[in-house]
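Peer 1: Quick one: the structure is below, and I'll ask about it shortly.
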Amino acid sequence: MKRFQLQHHQNVMMIIRNPQVCAAELDGEICLFEPVQAEYFNLNSTGSAIWNLLEQPAEVEQLLTALETLYDVDSSTCRQETEAFIAEALERGMLQEQPPA
């Protein structure tokens, strides 16, 4: 399985939800179904917060700012864990990257 790395472009990429992914909230956490691979994913509270923040396309920096406000976390840890989540979500098809409009 190839490892997916976040691409750091001179032009910042927007992170968006994959419109084909179905999402439902169960007990305060998000459950996703990705139809191409026919896989289910249960997001923890932080992953659920990221998914909810991506109701509108956002840059990673915007997500980090919002998450640092929501959680008592240092910026280095927040960046590391958020980028790891986004990279895995991109690899699994839950999220997509697109150039800014």
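Ordering of the structure tokens sets the chain letters (A, B, ...); residue numbers start at 1 within each chain; ligands are numbered from 1 in the order shown.
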List the neighbours of segment 43-49 of chain A out to 9 Å using only C-alpha atoms; skip same-chain residues closer than 2 positions along the sequence, and give me the result as a ChimeraX atom specification.
Peer 2: /A:25,28-32,41,51-54,67,70-71,82,85
Peer 1: Which residues, written as a VMD selection string, have at least one atom at most 10 Å from Cys22 of chain A, with only C-alpha atoms counted and residues fewer than 4 positions away on the same chain left out?
Peer 2: chain A and resid 17 to 18 31 to 35 40 94
Peer 1: Write out as a PyMOL selection string all residues of chain A that backbone DSSP assigns to helix (DSSP H, G or I).
Peer 2: chain A and resi 45-53+60-70+75-91
Peer 1: Pick out the closest residue to Leu63 of chain A from this set: A:Val21, A:Ile16, A:Val36, A:Ala101. Count only C-alpha atoms.
Peer 2: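 Of all the options, A:Ile16 lies closest to Leu63 of chain A.
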Peer 1: Suppose you want the space between atom CA of Ala89 of chain A and atom CA of Val60 of chain A; what is it in Å?
Peer 2: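 Calculated distance between atom CA of Ala89 of chain A and atom CA of Val60 of chain A is 13.2 Å.
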Peer 1: As number ranges by chain, please: every residue in segment 22-54 of chain A that a backbone DSSP assignment puts in strand (DSSP E or B).
Peer 2: A: 22-26, 29-34, 39-42
Peer 1: Quick one: pull the distance between atom CA of Leu64 of chain A and atom CA of Met13 of chain A, Å, one decimal.
Peer 2: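 Result for atom CA of Leu64 of chain A versus atom CA of Met13 of chain A: 14.3 Å, one decimal.
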Peer 1: In Å, rounded to a single decimal, give me how far atom CA of Pro57 of chain A is from atom CA of Glu97 of chain A.
Peer 2: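 So the answer is 9.1 Å.
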Peer 1: Considering only C-alpha atoms, can you say which of A:Ala38, A:Gln20, A:Ala58, A:Val73 comes closest to Gln98 of chain A?
Peer 2: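 Ranking A:Ala38, A:Gln20, A:Ala58, A:Val73 by distance to Gln98 of chain A, first place goes to A:Ala58.
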